[in-house]
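Engineer: Please find one structure pasted underneath; my questions will follow.
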Amino acid sequence: MAKEDFNDLLWFLAVAEEKSFTRAAAKLGITQSTLSHTIKRLETRMGIRLLTRTTRSVATTEAGERLRQSLAPRVAEIEAEIAALMEFRDKPAGTIRLTLSDHAFDSLVWPKLRPVLAAYPDIKLELSIDNGLRNIVEDGFDAGVRLGESVEKDMIAVRIGPDWRMVAAASPDYFDAHPTPQHPQELIQHNCMNMRQTRAGGLYAWEFEKDGHELRVRVDGQLTFNASYAMVDAALKGYGIAFVPEDLVEHHIASGNLVQVLDEWCPKFPGYYVYYPSRRQNLPAFKVIVDALRYGGA
(Lines give C-alpha, C1' and ligand atoms only; values in the text may rest on other atoms or scores of the structure.)
Protein backbone atom coordinates (compact mmCIF):
# COMPACT_ATOMS: atom_id res chain seq x y z
CA MET A 1 0.00 0.00 0.00
CA ALA A 2 1.32 3.41 -0.96
CA LYS A 3 2.43 5.75 1.83
CA GLU A 4 -0.23 8.28 0.96
CA ASP A 5 -2.92 5.64 1.67
CA PHE A 6 -2.11 5.39 5.38
CA ASN A 7 -4.45 8.28 6.00
CA ASP A 8 -7.30 6.10 4.72
CA LEU A 9 -6.42 3.50 7.36
CA LEU A 10 -6.54 6.12 10.10
CA TRP A 11 -9.96 7.25 8.92
CA PHE A 12 -11.16 3.64 8.87
CA LEU A 13 -9.90 3.24 12.44
CA ALA A 14 -11.87 6.32 13.53
CA VAL A 15 -15.12 4.90 12.06
CA ALA A 16 -14.48 1.46 13.55
CA GLU A 17 -13.89 2.88 17.01
CA GLU A 18 -16.74 5.41 16.91
CA LYS A 19 -19.12 2.93 15.18
CA SER A 20 -20.55 5.92 13.40
CA PHE A 21 -19.69 7.82 10.24
CA THR A 22 -21.25 10.95 11.70
CA ARG A 23 -19.19 10.94 14.93
CA ALA A 24 -16.02 9.87 13.12
CA ALA A 25 -16.38 12.65 10.55
CA ALA A 26 -16.86 15.21 13.32
CA LYS A 27 -13.80 13.86 15.17
CA LEU A 28 -11.68 14.03 12.03
CA GLY A 29 -13.01 17.43 10.96
CA ILE A 30 -14.19 16.28 7.54
CA THR A 31 -17.55 15.83 5.87
CA GLN A 32 -19.44 12.57 6.23
CA SER A 33 -19.59 12.13 2.46
CA THR A 34 -15.81 12.50 2.14
CA LEU A 35 -15.30 9.93 4.86
CA SER A 36 -17.76 7.49 3.31
CA HIS A 37 -16.11 7.84 -0.10
CA THR A 38 -12.66 7.25 1.41
CA ILE A 39 -13.75 4.04 3.19
CA LYS A 40 -15.35 2.70 0.01
CA ARG A 41 -12.14 3.47 -1.88
CA LEU A 42 -10.11 1.64 0.77
CA GLU A 43 -12.37 -1.43 0.61
CA THR A 44 -12.17 -1.44 -3.19
CA ARG A 45 -8.40 -1.16 -3.15
CA MET A 46 -8.04 -3.97 -0.59
CA GLY A 47 -10.69 -6.09 -2.28
CA ILE A 48 -12.43 -6.85 0.99
CA ARG A 49 -15.35 -5.45 2.95
CA LEU A 50 -14.35 -3.85 6.22
CA LEU A 51 -17.57 -2.33 7.56
CA THR A 52 -21.20 -3.38 7.69
CA ARG A 53 -23.50 -0.39 7.35
CA THR A 54 -27.18 -0.12 8.24
CA THR A 55 -29.38 2.94 8.56
CA ARG A 56 -28.86 2.88 12.33
CA SER A 57 -25.41 1.46 12.95
CA VAL A 58 -21.93 0.70 11.64
CA ALA A 59 -20.01 -2.42 12.62
CA THR A 60 -16.75 -4.00 11.52
CA THR A 61 -16.76 -7.20 9.52
CA GLU A 62 -14.51 -10.06 10.67
CA ALA A 63 -11.77 -8.73 8.41
CA GLY A 64 -12.44 -5.17 9.51
CA GLU A 65 -12.20 -6.13 13.18
CA ARG A 66 -8.92 -7.90 12.57
CA LEU A 67 -7.59 -4.80 10.83
CA ARG A 68 -8.83 -2.58 13.69
CA GLN A 69 -7.13 -4.73 16.33
CA SER A 70 -3.91 -4.64 14.35
CA LEU A 71 -3.97 -0.90 13.72
CA ALA A 72 -5.20 0.45 17.06
CA PRO A 73 -2.20 -0.44 19.29
CA ARG A 74 0.29 0.65 16.64
CA VAL A 75 -1.39 3.99 16.15
CA ALA A 76 -1.61 4.48 19.92
CA GLU A 77 2.10 3.72 20.23
CA ILE A 78 2.97 6.21 17.51
CA GLU A 79 0.78 8.89 19.09
CA ALA A 80 2.40 8.29 22.49
CA GLU A 81 5.88 8.56 20.99
CA ILE A 82 5.00 11.78 19.19
CA ALA A 83 3.59 13.20 22.43
CA ALA A 84 6.81 12.28 24.23
CA LEU A 85 8.90 13.90 21.50
CA MET A 86 6.80 17.05 21.66
CA GLU A 87 7.85 17.44 25.29
CA PHE A 88 11.38 18.15 24.05
CA ARG A 89 10.00 21.31 22.45
CA ASP A 90 8.90 22.75 25.79
CA LYS A 91 10.76 20.78 28.46
CA PRO A 92 14.55 20.71 28.94
CA ALA A 93 15.29 17.02 28.47
CA GLY A 94 17.54 14.71 26.50
CA THR A 95 21.26 14.09 26.07
CA ILE A 96 23.71 16.89 25.25
CA ARG A 97 27.15 15.82 23.97
CA LEU A 98 30.09 18.19 24.47
CA THR A 99 33.73 17.95 23.47
CA LEU A 100 36.21 19.98 25.51
CA SER A 101 39.70 20.03 26.99
CA ASP A 102 40.58 18.90 30.50
CA HIS A 103 41.38 22.49 31.47
CA ALA A 104 38.06 23.84 30.13
CA PHE A 105 36.20 21.07 31.93
CA ASP A 106 37.81 21.63 35.30
CA SER A 107 38.14 25.42 35.30
CA LEU A 108 34.83 26.45 33.76
CA VAL A 109 32.41 23.89 32.43
CA TRP A 110 32.00 21.44 35.29
CA PRO A 111 31.58 24.09 38.02
CA LYS A 112 28.87 25.77 35.92
CA LEU A 113 27.03 22.62 34.87
CA ARG A 114 26.88 20.82 38.22
CA PRO A 115 23.86 22.92 39.32
CA VAL A 116 22.16 22.24 35.98
CA LEU A 117 22.12 18.50 36.62
CA ALA A 118 20.42 19.05 39.96
CA ALA A 119 17.87 21.53 38.60
CA TYR A 120 17.05 19.58 35.43
CA PRO A 121 17.15 15.82 36.13
CA ASP A 122 15.90 15.01 32.61
CA ILE A 123 19.00 16.53 31.03
CA LYS A 124 21.88 14.12 30.47
CA LEU A 125 25.43 15.19 29.69
CA GLU A 126 28.04 13.29 27.74
CA LEU A 127 31.44 14.97 28.07
CA SER A 128 34.28 13.92 25.80
CA ILE A 129 37.49 15.30 27.28
CA ASP A 130 40.46 15.65 24.95
CA ASN A 131 42.73 18.41 23.72
CA GLY A 132 42.14 17.88 20.02
CA LEU A 133 40.06 20.06 17.73
CA ARG A 134 37.03 17.95 16.85
CA ASN A 135 34.61 18.35 13.97
CA ILE A 136 31.49 18.45 16.11
CA VAL A 137 29.14 17.85 13.19
CA GLU A 138 30.98 14.82 11.80
CA ASP A 139 31.66 13.40 15.27
CA GLY A 140 28.08 13.76 16.47
CA PHE A 141 28.57 16.39 19.18
CA ASP A 142 26.00 19.04 20.02
CA ALA A 143 28.70 21.59 20.86
CA GLY A 144 32.36 22.05 21.61
CA VAL A 145 34.31 24.22 24.04
CA ARG A 146 37.55 25.68 22.73
CA LEU A 147 39.54 28.91 22.70
CA GLY A 148 37.93 31.64 20.63
CA GLU A 149 40.73 31.65 18.05
CA SER A 150 40.14 27.94 17.36
CA VAL A 151 36.41 28.14 16.63
CA GLU A 152 35.37 27.54 13.01
CA LYS A 153 33.89 30.61 11.34
CA ASP A 154 30.62 28.93 10.35
CA MET A 155 29.73 28.13 13.97
CA ILE A 156 27.81 30.16 16.51
CA ALA A 157 30.24 30.99 19.32
CA VAL A 158 29.29 32.15 22.83
CA ARG A 159 31.94 33.36 25.26
CA ILE A 160 31.94 31.36 28.49
CA GLY A 161 35.01 32.61 30.34
CA PRO A 162 37.49 35.48 30.82
CA ASP A 163 40.76 36.11 29.00
CA TRP A 164 43.69 34.06 30.25
CA ARG A 165 47.23 33.18 29.28
CA MET A 166 49.75 30.37 29.07
CA VAL A 167 52.84 30.63 31.26
CA ALA A 168 56.17 28.81 31.41
CA ALA A 169 57.20 27.44 34.80
CA ALA A 170 59.49 24.88 36.39
CA SER A 171 60.59 23.89 39.88
CA PRO A 172 63.27 25.79 41.80
CA ASP A 173 65.43 22.64 41.73
CA TYR A 174 65.31 22.63 37.94
CA PHE A 175 66.51 26.25 37.73
CA ASP A 176 69.20 25.54 40.31
CA ALA A 177 70.67 23.19 37.70
CA HIS A 178 69.82 25.18 34.56
CA PRO A 179 70.10 28.86 33.60
CA THR A 180 66.89 30.88 33.63
CA PRO A 181 65.78 31.63 30.03
CA GLN A 182 65.59 35.32 29.22
CA HIS A 183 64.17 34.89 25.70
CA PRO A 184 61.80 32.25 24.28
CA GLN A 185 64.43 31.04 21.81
CA GLU A 186 66.59 29.96 24.76
CA LEU A 187 63.98 27.31 25.55
CA ILE A 188 65.45 25.07 22.87
CA GLN A 189 68.40 24.56 25.24
CA HIS A 190 66.08 23.37 28.04
CA ASN A 191 64.23 20.21 28.96
CA CYS A 192 60.69 21.29 28.05
CA MET A 193 57.47 19.29 28.13
CA ASN A 194 55.67 18.88 24.84
CA MET A 195 51.93 18.76 24.34
CA ARG A 196 50.63 16.28 21.77
CA GLN A 197 47.72 17.68 19.76
CA THR A 198 45.26 14.81 19.80
CA ARG A 199 43.44 15.47 16.55
CA ALA A 200 46.32 16.65 14.37
CA GLY A 201 48.88 14.35 15.96
CA GLY A 202 51.62 16.99 15.95
CA LEU A 203 53.35 18.70 18.85
CA TYR A 204 52.15 22.11 20.02
CA ALA A 205 54.58 24.95 19.30
CA TRP A 206 54.78 27.27 22.30
CA GLU A 207 53.34 30.68 21.40
CA PHE A 208 54.76 33.95 22.72
CA GLU A 209 54.20 37.64 21.97
CA LYS A 210 55.85 40.87 23.08
CA ASP A 211 55.35 44.39 21.76
CA GLY A 212 53.44 43.07 18.78
CA HIS A 213 56.14 40.55 17.90
CA GLU A 214 54.79 37.01 17.77
CA LEU A 215 57.05 34.01 18.21
CA ARG A 216 56.46 30.26 18.07
CA VAL A 217 59.05 27.94 19.59
CA ARG A 218 59.23 24.22 19.02
CA VAL A 219 60.67 22.83 22.22
CA ASP A 220 62.17 19.46 23.05
CA GLY A 221 62.43 17.35 26.16
CA GLN A 222 62.02 13.94 27.75
CA LEU A 223 58.27 14.14 28.30
CA THR A 224 55.26 14.56 26.01
CA PHE A 225 51.71 14.78 27.36
CA ASN A 226 48.21 15.32 26.06
CA ALA A 227 46.86 16.77 29.33
CA SER A 228 47.86 19.93 31.18
CA TYR A 229 47.44 18.60 34.71
CA ALA A 230 50.03 15.88 34.20
CA MET A 231 52.47 18.50 32.95
CA VAL A 232 52.03 20.54 36.13
CA ASP A 233 52.72 17.49 38.28
CA ALA A 234 55.86 16.70 36.30
CA ALA A 235 57.05 20.30 36.60
CA LEU A 236 56.56 20.21 40.38
CA LYS A 237 58.74 17.09 40.51
CA GLY A 238 61.57 18.79 38.61
CA TYR A 239 61.25 17.16 35.19
CA GLY A 240 61.52 20.41 33.24
CA ILE A 241 59.65 23.47 32.05
CA ALA A 242 55.91 23.26 31.44
CA PHE A 243 53.85 25.65 29.36
CA VAL A 244 50.35 25.55 30.85
CA PRO A 245 47.31 27.74 31.65
CA GLU A 246 48.23 30.24 34.36
CA ASP A 247 45.39 29.31 36.70
CA LEU A 248 46.80 25.78 37.02
CA VAL A 249 50.09 27.00 38.49
CA GLU A 250 49.52 30.43 40.03
CA HIS A 251 49.13 29.01 43.55
CA HIS A 252 52.30 26.90 43.07
CA ILE A 253 54.14 30.01 41.90
CA ALA A 254 52.83 32.04 44.85
CA SER A 255 53.99 29.34 47.29
CA GLY A 256 57.41 29.06 45.67
CA ASN A 257 56.96 25.48 44.49
CA LEU A 258 57.27 26.65 40.88
CA VAL A 259 59.19 29.51 39.28
CA GLN A 260 57.61 31.39 36.37
CA VAL A 261 59.83 32.61 33.52
CA LEU A 262 59.36 34.79 30.41
CA ASP A 263 56.42 36.57 32.01
CA GLU A 264 56.62 39.58 29.67
CA TRP A 265 56.31 37.22 26.67
CA CYS A 266 53.03 35.71 27.87
CA PRO A 267 50.13 38.10 27.15
CA LYS A 268 46.48 37.29 27.72
CA PHE A 269 44.23 36.16 24.87
CA PRO A 270 40.48 35.52 24.43
CA GLY A 271 39.39 32.59 26.58
CA TYR A 272 36.93 29.77 26.09
CA TYR A 273 33.83 29.76 23.90
CA VAL A 274 31.11 27.20 23.46
CA TYR A 275 30.43 26.75 19.75
CA TYR A 276 27.72 24.90 17.86
CA PRO A 277 25.75 24.75 14.59
CA SER A 278 22.76 27.09 14.38
CA ARG A 279 20.22 24.26 14.31
CA ARG A 280 20.92 23.34 17.96
CA GLN A 281 20.05 26.68 19.52
CA ASN A 282 16.26 26.22 19.78
CA LEU A 283 16.30 22.95 21.75
CA PRO A 284 15.28 23.69 25.38
CA ALA A 285 17.89 21.40 26.95
CA PHE A 286 20.65 22.87 24.81
CA LYS A 287 19.56 26.41 25.62
CA VAL A 288 19.75 25.61 29.34
CA ILE A 289 23.33 24.37 28.92
CA VAL A 290 24.48 27.39 26.90
CA ASP A 291 22.80 29.86 29.27
CA ALA A 292 24.50 28.18 32.24
CA LEU A 293 27.91 28.43 30.56
CA ARG A 294 27.51 31.98 29.25
CA TYR A 295 30.15 34.39 30.55
CA GLY A 296 28.82 37.40 32.44
CA GLY A 297 32.07 39.36 32.70
CA ALA A 298 33.17 42.43 30.81
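Chain labels follow the order of the C-alpha coordinates: the first chain is A, the next B, and so on; residue numbering restarts at 1 in every chain, and ligands are counted from 1 in their shown order.
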Go through stretch 96-285 of chain A and collect every residue that DSSP, computed from the backbone, puts in strand (DSSP E); the answer should be as an MDAnalysis selection string.
Structural biologist: chainID A and resid 96:100 123:129 143:147 156:159 166:170 194:195 206:210 213:217 224:225 242:245 259:261 272:276
Engineer: Check which residues of stretch 148-177 of chain A sit at most 12 Å from stretch 189-211 of chain A using only C-alpha atoms, and return one row each with the closest pair of atoms and their distance in Å to one decimal, ordered by chain and rising number, as a tab-separated table.
Structural biologist:
residue	atom	partner	partner_atom	distance
A:Arg165	CA	A:Phe208	CA	10.0
A:Met166	CA	A:Glu207	CA	8.5
A:Val167	CA	A:Phe208	CA	9.4
A:Ala168	CA	A:Trp206	CA	9.3
A:Ala169	CA	A:Cys192	CA	9.8
A:Ala170	CA	A:Cys192	CA	9.2
A:Tyr174	CA	A:Asn191	CA	9.4
A:Phe175	CA	A:His190	CA	10.1
A:Ala177	CA	A:His190	CA	10.7
Engineer: Just to be explicit: take each residue in the selection above, keep all heavy atoms, and write the result as a PDB file, in the first residue's frame.
Structural biologist:
ATOM      1  N   ARG A 165      45.973  33.332  30.007  1.00  0.00           N
ATOM      2  CA  ARG A 165      47.228  33.183  29.281  1.00  0.00           C
ATOM      3  C   ARG A 165      47.942  31.898  29.654  1.00  0.00           C
ATOM      4  O   ARG A 165      47.665  31.285  30.697  1.00  0.00           O
ATOM      5  CB  ARG A 165      48.147  34.378  29.540  1.00  0.00           C
ATOM      6  CG  ARG A 165      48.608  34.504  30.992  1.00  0.00           C
ATOM      7  CD  ARG A 165      49.542  35.689  31.158  1.00  0.00           C
ATOM      8  NE  ARG A 165      50.126  35.736  32.495  1.00  0.00           N
ATOM      9  CZ  ARG A 165      51.233  36.395  32.802  1.00  0.00           C
ATOM     10  NH1 ARG A 165      51.884  37.066  31.855  1.00  0.00           N
ATOM     11  NH2 ARG A 165      51.696  36.406  34.030  1.00  0.00           N
ATOM     12  N   MET A 166      48.855  31.492  28.791  1.00  0.00           N
ATOM     13  CA  MET A 166      49.746  30.373  29.069  1.00  0.00           C
ATOM     14  C   MET A 166      51.019  30.932  29.699  1.00  0.00           C
ATOM     15  O   MET A 166      51.488  32.021  29.328  1.00  0.00           O
ATOM     16  CB  MET A 166      50.089  29.639  27.781  1.00  0.00           C
ATOM     17  CG  MET A 166      48.903  29.059  27.037  1.00  0.00           C
ATOM     18  SD  MET A 166      48.265  27.532  27.779  1.00  0.00           S
ATOM     19  CE  MET A 166      49.540  26.364  27.271  1.00  0.00           C
ATOM     20  N   VAL A 167      51.590  30.192  30.636  1.00  0.00           N
ATOM     21  CA  VAL A 167      52.844  30.625  31.264  1.00  0.00           C
ATOM     22  C   VAL A 167      53.825  29.457  31.307  1.00  0.00           C
ATOM     23  O   VAL A 167      53.423  28.283  31.324  1.00  0.00           O
ATOM     24  CB  VAL A 167      52.615  31.164  32.701  1.00  0.00           C
ATOM     25  CG1 VAL A 167      51.724  32.393  32.670  1.00  0.00           C
ATOM     26  CG2 VAL A 167      52.029  30.094  33.600  1.00  0.00           C
ATOM     27  N   ALA A 168      55.091  29.800  31.317  1.00  0.00           N
ATOM     28  CA  ALA A 168      56.166  28.805  31.411  1.00  0.00           C
ATOM     29  C   ALA A 168      56.681  28.768  32.847  1.00  0.00           C
ATOM     30  O   ALA A 168      56.979  29.811  33.437  1.00  0.00           O
ATOM     31  CB  ALA A 168      57.297  29.154  30.444  1.00  0.00           C
ATOM     32  N   ALA A 169      56.775  27.570  33.398  1.00  0.00           N
ATOM     33  CA  ALA A 169      57.205  27.439  34.799  1.00  0.00           C
ATOM     34  C   ALA A 169      57.887  26.097  35.035  1.00  0.00           C
ATOM     35  O   ALA A 169      57.589  25.107  34.355  1.00  0.00           O
ATOM     36  CB  ALA A 169      56.002  27.578  35.731  1.00  0.00           C
ATOM     37  N   ALA A 170      58.788  26.103  35.987  1.00  0.00           N
ATOM     38  CA  ALA A 170      59.494  24.882  36.388  1.00  0.00           C
ATOM     39  C   ALA A 170      59.809  24.983  37.871  1.00  0.00           C
ATOM     40  O   ALA A 170      59.647  26.040  38.499  1.00  0.00           O
ATOM     41  CB  ALA A 170      60.761  24.685  35.571  1.00  0.00           C
ATOM     42  N   TYR A 174      64.922  22.662  39.352  1.00  0.00           N
ATOM     43  CA  TYR A 174      65.307  22.628  37.938  1.00  0.00           C
ATOM     44  C   TYR A 174      66.162  23.840  37.599  1.00  0.00           C
ATOM     45  O   TYR A 174      67.191  23.719  36.920  1.00  0.00           O
ATOM     46  CB  TYR A 174      64.066  22.587  37.043  1.00  0.00           C
ATOM     47  CG  TYR A 174      64.410  22.636  35.570  1.00  0.00           C
ATOM     48  CD1 TYR A 174      64.773  21.485  34.887  1.00  0.00           C
ATOM     49  CD2 TYR A 174      64.426  23.860  34.887  1.00  0.00           C
ATOM     50  CE1 TYR A 174      65.134  21.540  33.538  1.00  0.00           C
ATOM     51  CE2 TYR A 174      64.786  23.922  33.547  1.00  0.00           C
ATOM     52  CZ  TYR A 174      65.130  22.764  32.870  1.00  0.00           C
ATOM     53  OH  TYR A 174      65.507  22.811  31.555  1.00  0.00           O
ATOM     54  N   PHE A 175      65.751  25.037  38.062  1.00  0.00           N
ATOM     55  CA  PHE A 175      66.514  26.248  37.733  1.00  0.00           C
ATOM     56  C   PHE A 175      67.793  26.372  38.551  1.00  0.00           C
ATOM     57  O   PHE A 175      68.682  27.151  38.195  1.00  0.00           O
ATOM     58  CB  PHE A 175      65.631  27.481  37.889  1.00  0.00           C
ATOM     59  CG  PHE A 175      64.621  27.636  36.779  1.00  0.00           C
ATOM     60  CD1 PHE A 175      63.266  27.702  37.058  1.00  0.00           C
ATOM     61  CD2 PHE A 175      65.036  27.695  35.459  1.00  0.00           C
ATOM     62  CE1 PHE A 175      62.337  27.829  36.038  1.00  0.00           C
ATOM     63  CE2 PHE A 175      64.114  27.828  34.433  1.00  0.00           C
ATOM     64  CZ  PHE A 175      62.756  27.887  34.716  1.00  0.00           C
ATOM     65  N   ALA A 177      69.755  23.948  38.554  1.00  0.00           N
ATOM     66  CA  ALA A 177      70.667  23.186  37.702  1.00  0.00           C
ATOM     67  C   ALA A 177      70.744  23.717  36.282  1.00  0.00           C
ATOM     68  O   ALA A 177      71.593  23.260  35.497  1.00  0.00           O
ATOM     69  CB  ALA A 177      70.238  21.716  37.674  1.00  0.00           C
TER      70      ALA A 177
END
Engineer: Tell me which of A:Val145, A:Ala93, A:Ile156, A:Ile188 sits closest to A:Ser107, counting only C-alpha atoms.
Structural biologist: A:Val145
Engineer: Rounded to one decimal in Å, what is the spacing between atom CA of A:Trp265 and atom CA of A:Leu248?
Structural biologist: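 Computing it gives 18.1 Å between the two atoms.
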Engineer: Give me the stretch 75-120 of chain A side of the contact with stretch 2-22 of chain A, cut-off 12 Å, one line per residue showing its nearest atom pair and distance in Å at one decimal, counting only C-alpha atoms, sorted by chain and residue number, as JSON lines.
Structural biologist:
{"residue": "A:Val75", "atom": "CA", "partner": "A:Leu10", "partner_atom": "CA", "distance": 8.2}
{"residue": "A:Ala76", "atom": "CA", "partner": "A:Leu10", "partner_atom": "CA", "distance": 11.1}
{"residue": "A:Glu79", "atom": "CA", "partner": "A:Leu10", "partner_atom": "CA", "distance": 11.9}
Engineer: Please produce a file of those selected residues containing N, CA, C and O atoms, as a tab-separated table (two decimals), in the first residue's frame.
Structural biologist:
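Saved result, out04.tsv, follows:
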chain	number	residue	atom	x	y	z
A	75	VAL	N	-1.10	2.56	16.22
A	75	VAL	CA	-1.39	3.99	16.15
A	75	VAL	C	-1.25	4.64	17.52
A	75	VAL	O	-0.69	5.74	17.65
A	76	ALA	N	-1.73	3.96	18.56
A	76	ALA	CA	-1.61	4.48	19.92
A	76	ALA	C	-0.14	4.63	20.32
A	76	ALA	O	0.24	5.61	20.97
A	79	GLU	N	1.28	7.66	18.49
A	79	GLU	CA	0.78	8.89	19.09
A	79	GLU	C	1.48	9.18	20.42
A	79	GLU	O	1.80	10.33	20.74
Engineer: Distance atom CA of A:Arg218-atom CA of A:Ala242, one decimal place?
Structural biologist: 12.9 Å
Engineer: Looking at only C-alpha atoms, which of A:Asp247, A:Glu186, A:Asp163, A:Asp173 is the one that sits closest to A:Tyr295?
Structural biologist: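 Closest to A:Tyr295 of all the choices is A:Asp163.
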Engineer: Which of stretch 18-199 of chain A end up as alpha helix (DSSP H) when DSSP is run on this backbone - answer as a ChimeraX atom specification?
Structural biologist: /A:18,21-28,32-46,62-90,102-104,110-119,172-177
Engineer: Might you pull out every residue within 12 Å of A:Gly148, with only C-alpha atoms counted and same-chain residues fewer than 6 positions away left off, and present them as a list in words?
Structural biologist: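 Near A:Gly148, the qualifying residues are Met155, Ile156, Ala157, Val158, Arg159, Ile160, Gly161, Pro162, Asp163, Trp164, Phe269, Pro270, Gly271, Tyr272, Tyr273, Val274 and Tyr275 of chain A.
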Engineer: For a quick check of understanding, using only C-alpha atoms, which of A:Cys266, A:Ala285, A:Leu67, A:Ile78 has the smallest distance to A:Lys124?
Structural biologist: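 So, comparing all the options, the nearest one is A:Ala285.
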Engineer: Measure the distance from atom CA of A:Ala80 to atom CA of A:Glu62 in Å and round it to one decimal.
Structural biologist: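 We find that atom CA of A:Ala80 and atom CA of A:Glu62 lie 27.6 Å from each other.
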Engineer: Residues within 10 Å of stretch 133-138 of chain A, please, as a list in words. Count only C-alpha atoms; anything in the same chain fewer than 4 positions from it doesn't count.
Structural biologist: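 Contacts, in chain order: Arg97, Leu98, Thr99, Leu100, Ser101, Asp142, Ala143, Gly144, Val145, Arg146, Ser150, Val151, Glu152, Gln197, Thr198, Arg199, Ala200, Tyr275, Tyr276 and Pro277 of chain A.
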Engineer: With only C-alpha atoms as the counted atoms, please give the residues lying no more than 10 Å from stretch 250-252 of chain A, apart from itself and same-chain residues fewer than 3 positions off, as a ChimeraX atom specification.
Structural biologist: /A:167,169,171,232,236,245-247,255-260
